[in-house]
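Below is one structure, written out as structure tokens; comments come after it.
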Amino acid sequence: MMTRGSWSLLLGPLGFLLMGLGVLFLQHSGGEFAVERVAGELSYLPWLLAVIFLAVFIHALLLHSRPQPDIWLFPCVMMFSSLGIVMIARLKPELLIPQLRWIIIGMVAFVVVLKFGKVISRFVQYQYILGLSCLLLLCLPLFFGTEIGGSRNWILLGSFRIQPSEFGKILLVFFLAAYLSDHRQVLSLPNLRLLFLWLPPLRFIAPLLVVWGMAILMFVVQRDLGSALLFFGIAVLMTYMATGSKSYVFLAVAFFCVAAAVSYTMFDHVKVRFDIWLDPWQDPSGTAYQVVQSLFAFGSGGIWGTGFAHGHPELIPEVHTDFIFAAAAEEFGLIGSLMILLTYVLFFYKGLQVALGCRTEGQILLAAGCNIVFFLQAFIILAGVTKFLPLTGITLPFVSYGGSSMVSSFILLGLLVSLSRKEQKNHG
Amino acid sequence: MGNRMLKRHVLQAGAFLLLCVGALAVYIVYLQFVVADGLARDPLNRRGMQADAGIQRGMILDSDGRALAQSIQAGTRSYLMGETMAFVTGYSSSEYGSSGIEGYANRELLGITDEMSRMGPLAQIFQSERGNDVKLTIDSDAQQAAYSGMAGRRGAAVVLDMDTGAVLALVSSPAYNPNYIDMEWDSMVERQDSPLLNRALQGLYPPGSTIKPMIADIALEQGITDAHEVFDCTGSLDVGGGNSIREGHGEVHGSLHLEQALVKSCNVTFGTLAMRMGVKALKPGFSRFGFDRTVDGELQETASHLPDYPALDSGDIAQVGIGQSTLLVTPMHMALLAMAMANDGVVMKPYIIQQVTSPQGVLLREAVPRKWFEATTRDRANLIGGWMEEVVQKGTGTAAKVSGIRVAGKTGTAENPAGKDHAWFIGSAVIGKQRIAFAIIVENSGDGGVEAAPIARKIILSLDK
């Protein structure tokens, strides 16, 4: 067994966390260690200790439960969370305690999901209930939504702000896994020929069309381009995984291109985003300001970075949410940004292993779906802030500041880890 | 279809996503390695200015080591000669960026070197709290003389050391006061006489008669005339198409050699020569004298506007010969023309930063004078240079005469669409061991020999110490 040595997996994330916060503490205190000053500076300490305690507790839980679940996924996530905590402490200190609190809530949710994982994955039977509640959740902001930061995808509950789309993606993965595993046979044996495309009867692909249409709706009405792209990507990739049919992919991509072209001509906000991507230097101080500032951050970081807390990522608006990667790239350099990317790849690889180790179709699709959510979401925002693709605002999973995103990500992680428990171990 | 097929498709989808992220990784390498320096130095990147906050900026000094700009503590900056040195020191503002030496040598003044910026976090160890001092080639006395000579009129003056190319004075008038740049920015931007424009390097003017030494040089080089040919000036020259060019003040020069034509600034003779040589000789002539090059780096010069050669008719060519038509040049470039004629045809590359020293007094960088190009031969330069001495002795430039000092020059009175003629004076002087070349322009003030030449005299006297 590898359980004893596996404690070292937490060493990296927690070491990074403590060192990062230590550097900031020394920098802010400036050599003065008066009691009041230190106390004010370290007001986050109880929350931090709770995070560390929970992390150790969860890792112990994973190491000692039988059958043993995957023990790599959680340390990867702790690495992301540590990076997020350290960067937020550096960029927006006033949001540090809320971020720690969200991580704690997320971790608790993770433990709960892990505990009832078997029960939860049985929800897969109720596909239409899942589909309908997903639809309902996503449509909520249309009626009760509030516009924040240009996107009408928030709901205010008292003093809480919730982004339903963050939780909608969990239901979407569930629905797709349920629907696709149930209808795989029909969907894979098409009998309708349309030019060179083979398609099953309309009533079987109708739910898929609804999902696609919903993504487009979010795109246009709620102006939530990032979530729309994510939803669409999840739907297409999961459909392909279930059926292996390239006709669906072709159809989806064609559908997407037409929708994109239409919205480019019809909606100004889409046109602006796209034009910025084509040439940000047209209006570097106006509409393209954020992207241009982000590019400057990458350039100023260079290979080795400016050094933690010695760069100027605060010049980028909204740096603590969508653009947190640009801040890390400036201060940790190319080395740092590739490390972060590599950790996401490791995380994805381990998740893929989980999916391939599952037994039933529903579980395979569910695990693969959860896994894709993280990776695709990371790709969309990283490609956006580097101007690799047009920018669509969305959080970097586990790193960016944001409560809804943090909690929903931990729930998905809980699902993935619970699916990694094999009844009988064949390796490891 | 079993789970095997399903898992295969899961792997395929996974591989596709990994491929996307792989491409993204390559692109990030491109951003942070290949184009990183360009992005880091982009003028819109405000990080350079932000670095200011905690560092006491180094001093800017003149050639005698007198402070022109200094910071007693981090975050403050005072410019000891104010407007007089505005376009030498430039300004440094958190709001409006920076210009001049403050802009060009920003990293040196902050104590950041290129080597350090590649060391990442390690650079923090070597960062000192006080930046480096930048010592310039500027002679404050000559600068003061030139600026007060302008007396608030619009114009510019450039004074160069012929042996090295060092800039001794760089004046543009009117000037802003770098001490109050943040307060006065809005009114400066709105003013009609553009006090933010560095006329010495970025002002474009018709050179008028100051171009004539070069036309004489091209004519001699082409062999279309010699020092002995006799021209006949009737006061007017028919250039075809019903147009003619005339002498200033309705003068008639009569019979004269090329030397006298230069001394008296005879338009008829030089119009004749230009038409005789044509575009085929003018074009290489302009490039021989460096008009297709610009001084860059620490002295950001605007490119000269050369005539649109293919479109020139004979009348336009004659106009080019007397420095009119669509030809536009900077005062800096006219100083280089004067240098060529007094320096055996050799033009030294202008520079303004003499040395950079660390706060501990360690010399970090020292300028090395460099020959830039050869405009003409030693013989022709000496011949025409001699004629230019005559201009000052008994021609149009007597106002620049200083007894006991060899002064050469050429006046110019350039017609322009903005109003009264621009007054030009370019030339050279040997003051003890120092040999200088200069160009002076006073916009819309009238005759070059009357308005600009006396400023040259003031500059020469200020250097005769």
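Residues in the structure tokens are numbered from 1 in each chain, the chains being A, B, ... in the order shown, and ligands are numbered from 1 in the order shown.
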- Apply DSSP to the structure's backbone, then extract all residues of range 86-293 of chain B labelled strand (DSSP E or B) and return them as a VMD selection string. chain B and resid 92 to 93 97 to 98 130 133 to 136 155 to 161 166 to 173 205 231 to 233 236 to 240 243 to 246 254 to 256
- Message: Select, as an NGL selection string, those residues of chain B with any atom no more than 8 Å from chain A (distances computed using only C-alpha atoms).
- Response: :B and (1 or 3 or 6-7 or 9-14 or 17-18 or 20-21 or 24-25 or 27-29 or 31-33 or 35-40 or 42 or 45 or 47 or 50 or 117-122 or 124)
Contact residues around Lys212 in chain B with only C-alpha atoms at 12 Å, ignoring same-chain residues under 6 positions, as a CSV table (one decimal) with N, CA and C atoms, in the first residue's frame:
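Just written: part-v7.csv:
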```
chain,number,residue,atom,x,y,z
B,218,ILE,N,26.3,69.3,-54.2
B,218,ILE,CA,25.8,68.3,-55.2
B,218,ILE,C,26.2,68.8,-56.6
B,219,ALA,N,26.1,70.1,-56.8
B,219,ALA,CA,26.5,70.6,-58.2
B,219,ALA,C,27.9,70.4,-58.5
B,258,LEU,N,30.0,81.0,-57.9
B,258,LEU,CA,29.2,80.2,-56.9
B,258,LEU,C,29.5,80.7,-55.5
B,259,GLU,N,30.7,81.1,-55.2
B,259,GLU,CA,31.0,81.5,-53.9
B,259,GLU,C,30.2,82.7,-53.5
B,261,ALA,N,27.5,83.6,-54.9
B,261,ALA,CA,26.1,83.3,-54.9
B,261,ALA,C,25.7,82.7,-53.5
B,262,LEU,N,26.6,82.0,-52.9
B,262,LEU,CA,26.3,81.5,-51.6
B,262,LEU,C,26.3,82.6,-50.5
B,263,VAL,N,27.3,83.4,-50.6
B,263,VAL,CA,27.5,84.5,-49.6
B,263,VAL,C,26.3,85.4,-49.7
B,264,LYS,N,25.8,85.7,-50.9
B,264,LYS,CA,24.7,86.6,-51.1
B,264,LYS,C,23.3,85.9,-51.1
B,265,SER,N,23.4,84.6,-51.0
B,265,SER,CA,22.2,83.7,-51.0
B,265,SER,C,21.4,84.0,-52.3
B,266,CYS,N,22.0,83.8,-53.4
B,266,CYS,CA,21.3,84.1,-54.7
B,266,CYS,C,20.4,83.0,-55.1
B,267,ASN,N,19.1,83.3,-55.1
B,267,ASN,CA,18.1,82.3,-55.5
B,267,ASN,C,18.2,81.9,-57.0
B,268,VAL,N,18.5,82.9,-57.8
B,268,VAL,CA,18.5,82.6,-59.3
B,268,VAL,C,19.6,81.5,-59.6
B,269,THR,N,20.8,81.7,-59.0
B,269,THR,CA,21.9,80.8,-59.2
B,269,THR,C,21.5,79.4,-58.7
B,270,PHE,N,21.0,79.3,-57.5
B,270,PHE,CA,20.7,77.9,-57.0
B,270,PHE,C,19.5,77.3,-57.6
B,271,GLY,N,18.5,78.1,-58.1
B,271,GLY,CA,17.4,77.6,-58.8
B,271,GLY,C,17.9,77.0,-60.2
B,273,LEU,N,20.9,75.9,-60.8
B,273,LEU,CA,21.7,74.7,-60.6
B,273,LEU,C,20.8,73.5,-60.3
B,274,ALA,N,19.7,73.7,-59.5
B,274,ALA,CA,18.8,72.6,-59.2
B,274,ALA,C,18.2,72.1,-60.5
B,286,PHE,N,20.4,64.2,-51.3
B,286,PHE,CA,19.7,64.2,-50.0
B,286,PHE,C,20.0,63.0,-49.2
B,318,ALA,N,13.4,73.7,-59.1
B,318,ALA,CA,14.0,74.9,-58.8
B,318,ALA,C,13.7,75.4,-57.3
B,319,GLN,N,12.5,75.1,-56.9
B,319,GLN,CA,12.1,75.4,-55.5
B,319,GLN,C,12.8,74.6,-54.5
B,320,VAL,N,13.0,73.3,-54.8
B,320,VAL,CA,13.8,72.5,-53.9
B,320,VAL,C,15.2,73.1,-53.8
B,321,GLY,N,15.8,73.6,-54.9
B,321,GLY,CA,17.1,74.1,-54.9
B,321,GLY,C,17.3,75.3,-53.9
B,322,ILE,N,16.2,76.0,-53.6
B,322,ILE,CA,16.3,77.1,-52.7
B,322,ILE,C,15.5,76.8,-51.4
B,323,GLY,N,15.3,75.4,-51.1
B,323,GLY,CA,14.8,75.0,-49.8
B,323,GLY,C,13.4,75.2,-49.6
B,324,GLN,N,12.6,75.3,-50.7
B,324,GLN,CA,11.1,75.4,-50.6
B,324,GLN,C,10.4,74.2,-51.0
B,334,MET,N,19.4,70.1,-39.8
B,334,MET,CA,20.2,71.2,-40.3
B,334,MET,C,21.5,71.4,-39.6
B,337,LEU,N,23.9,69.1,-41.2
B,337,LEU,CA,24.4,69.6,-42.4
B,337,LEU,C,25.5,70.6,-42.2
B,338,ALA,N,25.3,71.5,-41.2
B,338,ALA,CA,26.4,72.4,-40.9
B,338,ALA,C,27.6,71.7,-40.4
B,341,MET,N,29.8,70.3,-43.3
B,341,MET,CA,30.6,71.3,-44.0
B,341,MET,C,31.8,71.8,-43.2
B,384,ILE,N,33.4,74.7,-49.5
B,384,ILE,CA,32.1,75.3,-49.1
B,384,ILE,C,32.1,75.9,-47.7
B,385,GLY,N,32.8,75.1,-46.8
B,385,GLY,CA,32.9,75.6,-45.4
B,385,GLY,C,33.6,77.0,-45.4
B,387,TRP,N,33.5,79.2,-47.9
B,387,TRP,CA,32.5,80.2,-48.4
B,387,TRP,C,31.6,80.6,-47.2
B,388,MET,N,31.2,79.6,-46.4
B,388,MET,CA,30.3,79.9,-45.3
B,388,MET,C,30.9,80.8,-44.3
B,409,GLY,N,28.7,80.1,-41.4
B,409,GLY,CA,27.2,80.0,-41.3
B,409,GLY,C,26.5,80.2,-42.6
B,410,LYS,N,25.2,80.0,-42.5
B,410,LYS,CA,24.3,80.2,-43.7
B,410,LYS,C,23.0,80.6,-43.1
B,411,THR,N,22.5,81.7,-43.7
B,411,THR,CA,21.2,82.2,-43.2
B,411,THR,C,20.1,81.6,-44.1
B,412,GLY,N,18.9,81.6,-43.6
B,412,GLY,CA,17.8,81.2,-44.4
B,412,GLY,C,16.5,82.0,-44.0
B,413,THR,N,15.7,82.2,-45.0
B,413,THR,CA,14.5,83.0,-44.7
B,413,THR,C,13.4,82.2,-45.5
B,426,ILE,N,22.2,78.4,-39.7
B,426,ILE,CA,23.0,77.2,-39.3
B,426,ILE,C,24.4,77.5,-39.5
```
